[in-house]
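Structure file run_38.tsv with TSV, C-alpha atoms:
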chain	number	residue	atom	x	y	z
V	1335	MET	CA	-41.22	-56.27	2.99
V	1336	PHE	CA	-37.89	-57.01	1.30
V	1337	LYS	CA	-38.98	-55.29	-1.92
V	1338	LYS	CA	-40.13	-52.21	-0.02
V	1339	MET	CA	-36.91	-52.03	1.91
V	1340	ASN	CA	-34.92	-52.54	-1.26
V	1341	ALA	CA	-36.80	-49.72	-2.93
V	1342	LYS	CA	-36.16	-47.45	0.04
V	1343	TRP	CA	-32.46	-48.26	0.03
V	1344	LEU	CA	-32.36	-47.78	-3.72
V	1345	SER	CA	-33.98	-44.37	-3.32
V	1346	LEU	CA	-31.48	-43.44	-0.62
V	1347	ILE	CA	-28.53	-44.57	-2.72
V	1348	VAL	CA	-29.74	-42.65	-5.76
V	1349	GLY	CA	-30.36	-39.54	-3.66
V	1350	THR	CA	-26.95	-39.79	-2.04
V	1351	SER	CA	-25.32	-40.27	-5.43
V	1352	LEU	CA	-27.02	-37.18	-6.79
V	1353	VAL	CA	-25.84	-35.09	-3.82
V	1354	ALA	CA	-22.34	-36.51	-4.16
V	1355	GLY	CA	-22.44	-35.70	-7.86
V	1356	LEU	CA	-23.44	-32.11	-7.13
V	1357	LEU	CA	-20.70	-31.75	-4.53
V	1358	THR	CA	-18.17	-33.24	-6.92
V	1359	GLY	CA	-19.32	-30.77	-9.54
V	1360	CYS	CA	-18.82	-27.89	-7.11
V	1361	GLY	CA	-15.41	-29.18	-6.16
V	1362	SER	CA	-14.48	-29.61	-9.77
V	1363	SER	CA	-15.57	-26.06	-10.55
V	1364	ALA	CA	-13.63	-24.67	-7.59
V	1365	SER	CA	-10.54	-26.56	-8.67
V	1366	LYS	CA	-10.54	-24.55	-11.88
V	1367	ASP	CA	-9.96	-21.35	-9.90
V	1368	ILE	CA	-6.78	-19.89	-8.49
V	1369	LYS	CA	-7.33	-18.35	-5.06
V	1370	ILE	CA	-5.46	-15.16	-4.17
V	1371	GLY	CA	-5.77	-13.25	-0.91
V	1372	VAL	CA	-6.47	-9.51	-0.91
V	1373	VAL	CA	-5.81	-8.04	2.55
V	1374	TYR	CA	-6.20	-4.30	3.11
V	1375	GLU	CA	-7.09	-1.61	5.65
V	1376	LEU	CA	-10.82	-1.50	4.84
V	1377	THR	CA	-11.75	0.03	8.21
V	1378	GLY	CA	-9.84	2.03	10.80
V	1379	SER	CA	-7.83	5.25	10.63
V	1380	THR	CA	-6.22	4.46	7.24
V	1381	ALA	CA	-9.32	3.03	5.55
V	1382	SER	CA	-9.05	5.56	2.72
V	1383	PHE	CA	-5.72	3.97	1.74
V	1384	GLY	CA	-6.87	0.37	2.02
V	1385	THR	CA	-10.18	0.85	0.27
V	1386	ALA	CA	-8.54	2.60	-2.68
V	1387	ALA	CA	-5.83	-0.06	-3.00
V	1388	ALA	CA	-8.36	-2.89	-2.68
V	1389	ASN	CA	-10.44	-1.30	-5.44
V	1390	GLY	CA	-7.33	-1.13	-7.62
V	1391	ALA	CA	-6.62	-4.81	-6.97
V	1392	LYS	CA	-10.21	-5.85	-7.67
V	1393	LEU	CA	-10.16	-3.97	-10.96
V	1394	ALA	CA	-6.91	-5.69	-11.95
V	1395	PHE	CA	-8.22	-9.17	-11.17
V	1396	LYS	CA	-11.48	-8.41	-12.99
V	1397	GLU	CA	-9.52	-7.39	-16.10
V	1398	ILE	CA	-7.27	-10.44	-15.88
V	1399	ASN	CA	-10.24	-12.79	-15.62
V	1400	ALA	CA	-11.96	-11.06	-18.54
V	1401	ASN	CA	-8.83	-11.71	-20.59
V	1402	GLY	CA	-8.77	-15.42	-19.85
V	1403	GLY	CA	-7.36	-15.52	-16.33
V	1404	VAL	CA	-3.96	-17.08	-15.64
V	1405	LEU	CA	-2.68	-20.55	-16.52
V	1406	GLY	CA	-6.06	-21.24	-18.10
V	1407	LYS	CA	-7.86	-20.63	-14.80
V	1408	GLN	CA	-9.96	-17.84	-13.33
V	1409	ILE	CA	-8.79	-15.94	-10.27
V	1410	GLN	CA	-10.97	-16.09	-7.19
V	1411	ILE	CA	-10.10	-13.50	-4.54
V	1412	ALA	CA	-10.44	-13.90	-0.79
V	1413	VAL	CA	-10.80	-10.41	0.70
V	1414	ALA	CA	-9.97	-9.69	4.34
V	1415	ASP	CA	-9.92	-6.49	6.41
V	1416	ASN	CA	-6.86	-5.92	8.59
V	1417	LYS	CA	-8.72	-3.03	10.28
V	1418	GLY	CA	-5.61	-0.86	10.22
V	1419	GLU	CA	-4.07	-2.74	13.16
V	1420	PRO	CA	-0.96	-4.99	13.28
V	1421	SER	CA	-2.69	-7.65	15.41
V	1422	GLU	CA	-5.66	-7.72	13.05
V	1423	SER	CA	-3.24	-7.86	10.12
V	1424	SER	CA	-1.85	-11.13	11.48
V	1425	ASN	CA	-5.39	-12.45	11.93
V	1426	ALA	CA	-6.47	-11.43	8.43
V	1427	MET	CA	-3.40	-12.98	6.83
V	1428	THR	CA	-3.91	-16.18	8.83
V	1429	LYS	CA	-7.54	-16.34	7.69
V	1430	VAL	CA	-6.88	-16.12	3.96
V	1431	ILE	CA	-4.01	-18.61	4.19
V	1432	SER	CA	-5.51	-21.19	6.59
V	1433	GLN	CA	-9.23	-20.93	5.86
V	1434	ASP	CA	-9.43	-19.67	2.29
V	1435	LYS	CA	-6.40	-21.70	1.14
V	1436	VAL	CA	-4.93	-18.98	-1.09
V	1437	ILE	CA	-1.74	-19.63	-3.07
V	1438	ALA	CA	-0.50	-16.04	-2.66
V	1439	VAL	CA	-1.49	-12.74	-1.08
V	1440	THR	CA	-1.39	-9.11	-2.14
V	1441	GLY	CA	-2.29	-6.15	0.02
V	1442	PHE	CA	-1.36	-3.73	2.81
V	1443	THR	CA	-0.77	0.00	2.53
V	1444	THR	CA	0.80	0.79	5.90
V	1445	SER	CA	4.15	-0.48	7.11
V	1446	SER	CA	3.32	-1.63	10.65
V	1447	ASN	CA	0.51	-3.76	9.26
V	1448	GLY	CA	2.68	-5.03	6.41
V	1449	ILE	CA	5.39	-6.11	8.84
V	1450	ALA	CA	2.84	-8.06	10.88
V	1451	GLY	CA	1.32	-9.64	7.79
V	1452	SER	CA	4.68	-10.64	6.37
V	1453	THR	CA	5.50	-12.62	9.52
V	1454	VAL	CA	2.50	-14.86	8.87
V	1455	ALA	CA	3.25	-15.18	5.16
V	1456	GLU	CA	6.85	-16.19	5.89
V	1457	ALA	CA	5.81	-18.77	8.49
V	1458	ASN	CA	3.44	-20.36	5.98
V	1459	LYS	CA	5.75	-19.98	2.95
V	1460	ILE	CA	3.11	-18.08	1.00
V	1461	PRO	CA	4.25	-15.45	-1.55
V	1462	PHE	CA	3.15	-11.97	-0.46
V	1463	VAL	CA	3.29	-8.84	-2.64
V	1464	ALA	CA	2.80	-5.66	-0.61
V	1465	ALA	CA	1.36	-2.64	-2.36
V	1466	ALA	CA	2.43	0.46	-0.44
V	1467	THR	CA	4.40	-0.51	2.66
V	1468	THR	CA	7.57	1.58	2.45
V	1469	ASN	CA	9.48	0.78	5.67
V	1470	PRO	CA	12.58	-1.43	5.07
V	1471	LYS	CA	11.48	-3.84	7.82
V	1472	VAL	CA	8.66	-5.13	5.62
V	1473	THR	CA	11.09	-7.16	3.49
V	1474	LEU	CA	14.04	-7.36	5.89
V	1475	ASP	CA	13.96	-9.37	9.10
V	1476	GLU	CA	14.57	-6.88	11.91
V	1477	ASN	CA	16.47	-9.37	14.07
V	1478	SER	CA	18.68	-11.12	11.54
V	1479	GLY	CA	18.89	-8.39	8.90
V	1480	LYS	CA	18.26	-11.05	6.26
V	1481	VAL	CA	15.88	-10.71	3.33
V	1482	LYS	CA	12.52	-12.36	3.92
V	1483	ASN	CA	12.06	-15.18	1.41
V	1484	TYR	CA	8.40	-14.77	0.49
V	1485	THR	CA	7.77	-11.03	0.92
V	1486	PHE	CA	8.00	-8.51	-1.93
V	1487	ARG	CA	6.67	-5.03	-2.70
V	1488	VAL	CA	5.89	-2.84	-5.71
V	1489	CYS	CA	6.56	0.51	-4.01
V	1490	PHE	CA	9.81	2.38	-3.40
V	1491	ILE	CA	11.14	2.37	0.16
V	1492	ASP	CA	11.66	5.11	2.73
V	1493	PRO	CA	15.44	5.55	2.47
V	1494	PHE	CA	14.81	6.66	-1.12
V	1495	GLN	CA	11.62	8.59	-0.31
V	1496	GLY	CA	13.24	10.38	2.63
V	1497	THR	CA	16.23	11.36	0.50
V	1498	VAL	CA	13.96	12.64	-2.29
V	1499	GLY	CA	12.04	14.74	0.24
V	1500	ALA	CA	15.22	16.16	1.78
V	1501	ASN	CA	16.74	17.06	-1.58
V	1502	PHE	CA	13.50	18.73	-2.65
V	1503	VAL	CA	13.50	20.84	0.52
V	1504	LEU	CA	17.16	21.80	0.09
V	1505	ASN	CA	17.25	22.37	-3.67
V	1506	SER	CA	13.74	23.42	-4.70
V	1507	LEU	CA	12.42	25.12	-1.56
V	1508	LYS	CA	15.90	26.42	-0.62
V	1509	ALA	CA	15.10	25.70	3.03
V	1510	LYS	CA	17.95	25.03	5.46
V	1511	ASN	CA	16.28	24.95	8.88
V	1512	ALA	CA	13.64	22.24	9.42
V	1513	ALA	CA	11.27	21.11	12.14
V	1514	ILE	CA	10.11	17.47	12.13
V	1515	MET	CA	6.86	16.07	13.55
V	1516	ILE	CA	6.92	12.29	14.06
V	1517	ASP	CA	4.04	9.88	14.62
V	1518	ASN	CA	5.57	7.74	17.37
V	1519	SER	CA	2.93	5.03	16.90
V	1520	SER	CA	3.98	4.41	13.28
V	1521	ASP	CA	7.00	2.49	11.95
V	1522	TYR	CA	6.44	4.35	8.69
V	1523	SER	CA	6.66	7.80	10.25
V	1524	LYS	CA	9.62	7.01	12.49
V	1525	GLY	CA	11.57	5.45	9.64
V	1526	LEU	CA	10.82	8.15	7.09
V	1527	SER	CA	11.69	10.95	9.50
V	1528	LYS	CA	15.07	9.31	10.17
V	1529	PHE	CA	15.91	8.98	6.48
V	1530	PHE	CA	14.80	12.54	5.78
V	1531	LYS	CA	16.90	13.87	8.69
V	1532	ASP	CA	19.98	11.91	7.61
V	1533	ALA	CA	19.81	13.20	4.03
V	1534	PHE	CA	18.83	16.74	5.04
V	1535	THR	CA	21.70	17.22	7.51
V	1536	LYS	CA	24.14	15.53	5.13
V	1537	GLY	CA	23.10	18.10	2.52
V	1538	GLY	CA	23.84	21.00	4.83
V	1539	GLY	CA	20.48	21.46	6.51
V	1540	THR	CA	19.80	21.82	10.24
V	1541	VAL	CA	16.97	20.22	12.23
V	1542	ALA	CA	15.85	22.83	14.77
V	1543	ILE	CA	13.37	20.67	16.66
V	1544	GLU	CA	11.76	17.23	16.60
V	1545	GLU	CA	8.36	16.70	18.19
V	1546	ALA	CA	6.21	13.58	18.51
V	1547	TYR	CA	2.49	12.83	18.34
V	1548	LEU	CA	0.34	9.69	18.15
V	1549	GLN	CA	-2.26	8.43	15.70
V	1550	ASN	CA	-5.76	9.64	16.55
V	1551	ASP	CA	-4.47	12.70	18.44
V	1552	GLN	CA	-6.78	15.66	17.85
V	1553	ASP	CA	-5.11	18.76	19.31
V	1554	PHE	CA	-1.64	19.64	18.02
V	1555	LYS	CA	-1.48	23.33	18.93
V	1556	THR	CA	0.79	22.91	21.95
V	1557	VAL	CA	3.38	21.07	19.87
V	1558	LEU	CA	2.98	23.48	16.97
V	1559	THR	CA	3.48	26.47	19.26
V	1560	LYS	CA	6.82	24.99	20.40
V	1561	ILE	CA	7.79	24.47	16.77
V	1562	LYS	CA	6.77	28.00	15.79
V	1563	ALA	CA	9.10	29.42	18.45
V	1564	THR	CA	12.12	27.86	16.66
V	1565	ASN	CA	11.26	29.78	13.47
V	1566	PRO	CA	11.85	26.90	10.98
V	1567	ASP	CA	11.97	27.39	7.20
V	1568	VAL	CA	9.96	24.19	6.65
V	1569	ILE	CA	8.09	21.58	8.68
V	1570	TYR	CA	8.45	17.91	7.71
V	1571	VAL	CA	5.51	15.69	8.73
V	1572	PRO	CA	5.86	12.09	7.49
V	1573	GLY	CA	2.45	10.97	8.79
V	1574	TYR	CA	-0.91	9.75	7.56
V	1575	TYR	CA	-3.59	12.00	6.08
V	1576	GLY	CA	-5.92	11.93	9.12
V	1577	GLU	CA	-3.48	13.58	11.48
V	1578	VAL	CA	-1.60	15.57	8.81
V	1579	GLY	CA	-4.78	17.40	7.77
V	1580	LYS	CA	-5.46	18.46	11.35
V	1581	ILE	CA	-1.81	19.42	11.96
V	1582	ILE	CA	-1.64	21.75	8.95
V	1583	LYS	CA	-5.07	23.26	9.63
V	1584	GLN	CA	-4.14	24.04	13.24
V	1585	ALA	CA	-0.70	25.33	12.20
V	1586	ARG	CA	-2.25	27.88	9.87
V	1587	GLU	CA	-4.68	28.91	12.62
V	1588	ILE	CA	-1.80	29.89	14.92
V	1589	GLY	CA	0.02	31.77	12.18
V	1590	ILE	CA	2.53	29.26	10.82
V	1591	THR	CA	2.91	30.05	7.11
V	1592	VAL	CA	6.04	28.09	6.14
V	1593	PRO	CA	5.85	25.12	3.76
V	1594	PHE	CA	4.91	21.67	5.04
V	1595	VAL	CA	6.44	18.62	3.37
V	1596	GLY	CA	5.59	14.95	3.83
V	1597	GLY	CA	5.47	11.51	2.27
V	1598	ASP	CA	3.05	9.23	0.45
V	1599	GLY	CA	0.99	8.84	3.62
V	1600	TRP	CA	-0.59	12.18	2.71
V	1601	ASP	CA	-2.17	10.84	-0.47
V	1602	SER	CA	-5.89	10.70	0.17
V	1603	PRO	CA	-8.87	12.77	-1.02
V	1604	LYS	CA	-9.67	13.16	2.68
V	1605	LEU	CA	-6.54	15.26	3.25
V	1606	ALA	CA	-8.16	18.34	1.71
V	1607	GLU	CA	-11.46	17.61	3.47
V	1608	ILE	CA	-9.72	17.49	6.85
V	1609	GLY	CA	-7.13	20.22	6.40
V	1610	GLY	CA	-9.00	22.63	4.16
V	1611	ALA	CA	-7.97	23.75	0.69
V	1612	ASP	CA	-6.51	27.11	1.74
V	1613	ALA	CA	-4.49	25.71	4.64
V	1614	LEU	CA	-2.91	23.12	2.36
V	1615	ASN	CA	-1.51	25.67	-0.07
V	1616	ASN	CA	2.31	25.73	0.07
V	1617	THR	CA	2.50	22.05	1.04
V	1618	PHE	CA	4.23	19.21	-0.83
V	1619	PHE	CA	4.70	15.46	-0.57
V	1620	THR	CA	6.63	12.64	-2.20
V	1621	ASN	CA	4.46	10.09	-3.97
V	1622	HIS	CA	4.40	7.07	-6.27
V	1623	TYR	CA	2.18	8.48	-9.01
V	1624	SER	CA	0.40	11.51	-10.35
V	1625	VAL	CA	-2.95	11.45	-12.15
V	1626	GLU	CA	-1.39	14.00	-14.50
V	1627	ASP	CA	0.83	11.22	-15.89
V	1628	ASN	CA	0.02	11.19	-19.62
V	1629	SER	CA	1.44	7.76	-20.50
V	1630	PRO	CA	-0.94	5.44	-22.42
V	1631	LYS	CA	-0.88	2.91	-19.57
V	1632	SER	CA	-1.78	5.58	-17.03
V	1633	LYS	CA	-4.59	6.96	-19.18
V	1634	ALA	CA	-6.06	3.49	-19.72
V	1635	PHE	CA	-6.00	2.78	-15.99
V	1636	LEU	CA	-7.49	6.19	-15.17
V	1637	ASP	CA	-10.38	5.62	-17.59
V	1638	ALA	CA	-11.02	2.08	-16.35
V	1639	PHE	CA	-10.93	3.06	-12.67
V	1640	GLN	CA	-13.26	6.01	-13.17
V	1641	LYS	CA	-15.68	3.85	-15.13
V	1642	GLU	CA	-15.63	1.15	-12.44
V	1643	TYR	CA	-15.80	3.35	-9.33
V	1644	GLY	CA	-16.87	6.81	-10.48
V	1645	GLN	CA	-13.87	8.58	-8.95
V	1646	VAL	CA	-10.30	9.60	-9.71
V	1647	PRO	CA	-7.75	7.09	-8.36
V	1648	ASP	CA	-5.04	8.05	-5.91
V	1649	ALA	CA	-1.59	6.46	-5.68
V	1650	MET	CA	-2.85	3.74	-3.33
V	1651	ALA	CA	-5.36	2.60	-5.96
V	1652	VAL	CA	-2.60	2.46	-8.56
V	1653	LEU	CA	-0.26	0.50	-6.28
V	1654	GLY	CA	-3.02	-1.98	-5.46
V	1655	TYR	CA	-3.56	-2.43	-9.20
V	1656	ASP	CA	0.16	-2.78	-9.97
V	1657	ALA	CA	0.69	-5.24	-7.08
V	1658	ALA	CA	-2.08	-7.50	-8.38
V	1659	TYR	CA	-0.72	-7.47	-11.95
V	1660	ALA	CA	2.87	-8.02	-10.76
V	1661	LEU	CA	1.80	-11.07	-8.76
V	1662	VAL	CA	-0.13	-12.55	-11.70
V	1663	ASP	CA	2.82	-11.82	-14.00
V	1664	ALA	CA	5.01	-13.91	-11.67
V	1665	ILE	CA	2.47	-16.75	-11.63
V	1666	LYS	CA	2.50	-16.73	-15.44
V	1667	ARG	CA	6.28	-16.78	-15.59
V	1668	ALA	CA	6.42	-19.54	-12.99
V	1669	ASN	CA	3.85	-21.47	-15.06
V	1670	SER	CA	2.76	-22.95	-11.76
V	1671	THR	CA	0.73	-22.36	-8.60
V	1672	ASP	CA	3.53	-23.82	-6.50
V	1673	SER	CA	4.56	-21.29	-3.84
V	1674	GLU	CA	8.28	-21.86	-4.28
V	1675	LYS	CA	8.14	-21.39	-8.05
V	1676	ILE	CA	6.05	-18.22	-7.66
V	1677	ARG	CA	8.55	-16.93	-5.09
V	1678	GLU	CA	11.41	-17.52	-7.51
V	1679	ALA	CA	9.55	-15.75	-10.33
V	1680	LEU	CA	8.80	-12.74	-8.11
V	1681	ALA	CA	12.45	-12.48	-7.11
V	1682	ALA	CA	13.38	-12.41	-10.80
V	1683	THR	CA	10.94	-9.58	-11.67
V	1684	LYS	CA	12.63	-7.16	-14.06
V	1685	ASP	CA	11.22	-4.27	-16.12
V	1686	PHE	CA	7.61	-5.16	-15.32
V	1687	GLN	CA	5.54	-2.38	-16.87
V	1688	GLY	CA	3.12	-1.06	-14.28
V	1689	VAL	CA	1.03	2.09	-14.21
V	1690	THR	CA	3.55	3.63	-11.79
V	1691	GLY	CA	6.36	2.90	-14.26
V	1692	ALA	CA	8.87	0.17	-15.00
V	1693	LEU	CA	9.36	-2.08	-11.99
V	1694	THR	CA	12.44	-4.14	-11.14
V	1695	LEU	CA	12.80	-5.90	-7.79
V	1696	ASN	CA	16.25	-5.75	-6.24
V	1697	ALA	CA	18.06	-8.22	-3.97
V	1698	THR	CA	16.03	-7.08	-0.96
V	1699	HIS	CA	12.74	-7.56	-2.87
V	1700	ASP	CA	12.15	-3.79	-3.06
V	1701	ALA	CA	11.05	-1.88	-6.13
V	1702	ILE	CA	13.57	0.27	-7.98
V	1703	LYS	CA	11.43	3.05	-9.45
V	1704	SER	CA	10.94	6.80	-9.65
V	1705	ALA	CA	9.15	9.10	-7.20
V	1706	VAL	CA	7.12	12.21	-7.93
V	1707	ILE	CA	6.70	15.45	-6.00
V	1708	ILE	CA	3.10	16.58	-5.58
V	1709	GLU	CA	2.10	20.12	-4.65
V	1710	MET	CA	-1.28	20.91	-3.08
V	1711	LYS	CA	-2.94	23.90	-4.75
V	1712	ASN	CA	-6.42	25.00	-3.73
V	1713	GLY	CA	-7.21	21.51	-2.47
V	1714	LYS	CA	-6.00	19.74	-5.63
V	1715	GLN	CA	-2.91	17.67	-6.29
V	1716	VAL	CA	-0.60	19.21	-8.89
V	1717	TYR	CA	2.37	17.34	-10.35
V	1718	LYS	CA	5.63	19.20	-9.71
V	1719	GLU	CA	8.56	16.96	-10.70
V	1720	THR	CA	9.80	13.37	-11.07
V	1721	VAL	CA	12.87	12.06	-9.27
V	1722	LYS	CA	14.58	8.90	-10.53
V	1723	PRO	CA	16.52	6.48	-8.29
Write-out of the structure in structure tokens:
Amino acid sequence: MFKKMNAKWLSLIVGTSLVAGLLTGCGSSASKDIKIGVVYELTGSTASFGTAAANGAKLAFKEINANGGVLGKQIQIAVADNKGEPSESSNAMTKVISQDKVIAVTGFTTSSNGIAGSTVAEANKIPFVAAATTNPKVTLDENSGKVKNYTFRVCFIDPFQGTVGANFVLNSLKAKNAAIMIDNSSDYSKGLSKFFKDAFTKGGGTVAIEEAYLQNDQDFKTVLTKIKATNPDVIYVPGYYGEVGKIIKQAREIGITVPFVGGDGWDSPKLAEIGGADALNNTFFTNHYSVEDNSPKSKAFLDAFQKEYGQVPDAMAVLGYDAAYALVDAIKRANSTDSEKIREALAATKDFQGVTGALTLNATHDAIKSAVIIEMKNGKQVYKETVKP
């Protein structure tokens, strides 16, 4: 009886040891990885942005791992969908930080979502590199006006983008009388319209009318008819591609022929699908990148992205790629996975060479970099000019 029991206990101990050994092995393997969160708008009204940027980030991390990873470790990504909503952005950021235990996060293409996500990153002291959130409130605390400690971005911001758009309208289009259509549900649209208006009126232009709409609106003809009656030289629409496409299509249908101008929120292949190639002629927008950029870095990225995904990248894809590389560059320079050391390295980023150009982060953690003007011709994006800060 004793021998049998002893044998049974021995068997149990051996079995338990083997399981423990396997678990230890798994834990040991996991400990060799560095976990980074990738949070984007993978569903919802701006899913075209988030999917493109997430693909850019995934490509970057794949390349980095293929070249040996960072600090001798491989990068493991924890992907989360913020569903294009601020509340879901908080939830997604909380998930990757609390459940997935990431050391840093990159992501977000829309400002309202980026603002929500940054609140969670700041509370948890986790470095966060935003890809395409251009509203100043992403990196600046709205209440205190102070710079957020752990939030950074690789894109230019709307005061610059709005000024570039206004100067283009005044100097290149020679337009002096503008109408503005604002998405009142978007921090991005409200901020960009303000900065455009400030620069446009300062430069001698006049804003004839300002009208509002909301995301997911479908019929804009009543608003457009009011705008048409003011006889503007140009219509500025700093919105997202889903509504912008419908706005321009319906404007052409009621006989509005003047140029439309907007911001980087236009940059999606779906814009031409929604608005129609003919309707989009004589329209322009400020952007971060043009696929017609002939630099070696741009060509290499273009080839790699097309090979990986079978499509031409837009600016969101490039910013997702640059944000991932900029974060890893900071981890390398910090020579540590400690959040405070990574934060310090990010703040010291200077002349980082991304696909969108040389990147330096200023005192407010915003990127100092050039913008490009894109013209839509027969449904295609055509590079028009580059504007430096």
Find the spatial neighbours of Lys1633 (chain V), counting all atoms listed in the file, within a cut-off of 12 Å - ignore same-chain residues fewer than 3 positions away - and output them as a list in words.
Ser1624, Val1625, Glu1626, Asp1627, Asn1628, Ser1629, Pro1630, Leu1636, Asp1637, Ala1638, Phe1639, Gln1640, Val1646, Pro1647, Val1652, Val1689 and Thr1690 of chain V
For Ser1382 (chain V), find every residue with an atom within 12 Å (counting only C-alpha atoms), except residues of its own chain fewer than 4 positions away, and show them as a list of chain:residue names.
V:Tyr1374, V:Glu1375, V:Leu1376, V:Thr1377, V:Gly1378, V:Ala1386, V:Ala1387, V:Ala1388, V:Asn1389, V:Lys1417, V:Gly1418, V:Thr1443, V:Thr1444, V:Tyr1574, V:Tyr1575, V:Gly1576, V:Gly1599, V:Trp1600, V:Asp1601, V:Ser1602, V:Pro1603, V:Lys1604, V:Leu1605, V:Pro1647, V:Asp1648, V:Ala1649, V:Met1650, V:Ala1651
Could you write out as JSON the box around region 1506-1523 of chain V (axis-aligned, all atoms listed in the file, 3 Å on each side), with centre and edge lengths in Å to one decimal?
{"center_x": 10.4, "center_y": 14.5, "center_z": 6.3, "size_x": 21.0, "size_y": 29.9, "size_z": 28.1}
Just want the 10 Å neighbourhood of region 1708-1714 of chain V, counted on only C-alpha atoms, with same-chain residues fewer than 2 positions away dropped. Output as a PyMOL selection string.
chain V and resi 1595-1598+1601+1603+1605-1607+1609-1624+1705-1706+1716-1720
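Distance-wise, CA of Ala1668 (chain V) and CA of Ile1411 (chain V) end up 19.5 Å apart.
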Given only C-alpha atoms as the basis, pick out the residue of V:Phe1442, V:Tyr1643, V:Phe1686, V:Phe1395 nearest to Thr1380 (chain V).
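Once distances to Thr1380 (chain V) are computed over only C-alpha atoms, the minimum belongs to V:Phe1442.
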Suppose you want the space between CA of Asn1477 (chain V) and CA of Asn1425 (chain V); what is it in Å?
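Atom-to-atom, CA of Asn1477 (chain V) and CA of Asn1425 (chain V) are spaced 22.2 Å apart.
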Enter the distance from CA of Glu1678 (chain V) to CA of Pro1461 (chain V), in Å, rounded to one decimal.
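We find that CA of Glu1678 (chain V) and CA of Pro1461 (chain V) lie 9.5 Å from each other.
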Find the residues around Ile1437 (chain V) up to 7 Å (all atoms listed in the file counted), leave out those fewer than 5 positions away in its own chain, and share them as a short mmCIF file (atom, residue, chain, number, x, y, z; two decimals) with C-alpha atoms, in the frame of the given file.
data_model
loop_
_atom_site.label_atom_id
_atom_site.label_comp_id
_atom_site.auth_asym_id
_atom_site.auth_seq_id
_atom_site.Cartn_x
_atom_site.Cartn_y
_atom_site.Cartn_z
CA LYS V 1369 -7.33 -18.35 -5.06
CA ILE V 1370 -5.46 -15.16 -4.17
CA ILE V 1460 3.11 -18.08 1.00
CA THR V 1671 0.73 -22.36 -8.60
CA SER V 1673 4.56 -21.29 -3.84
#
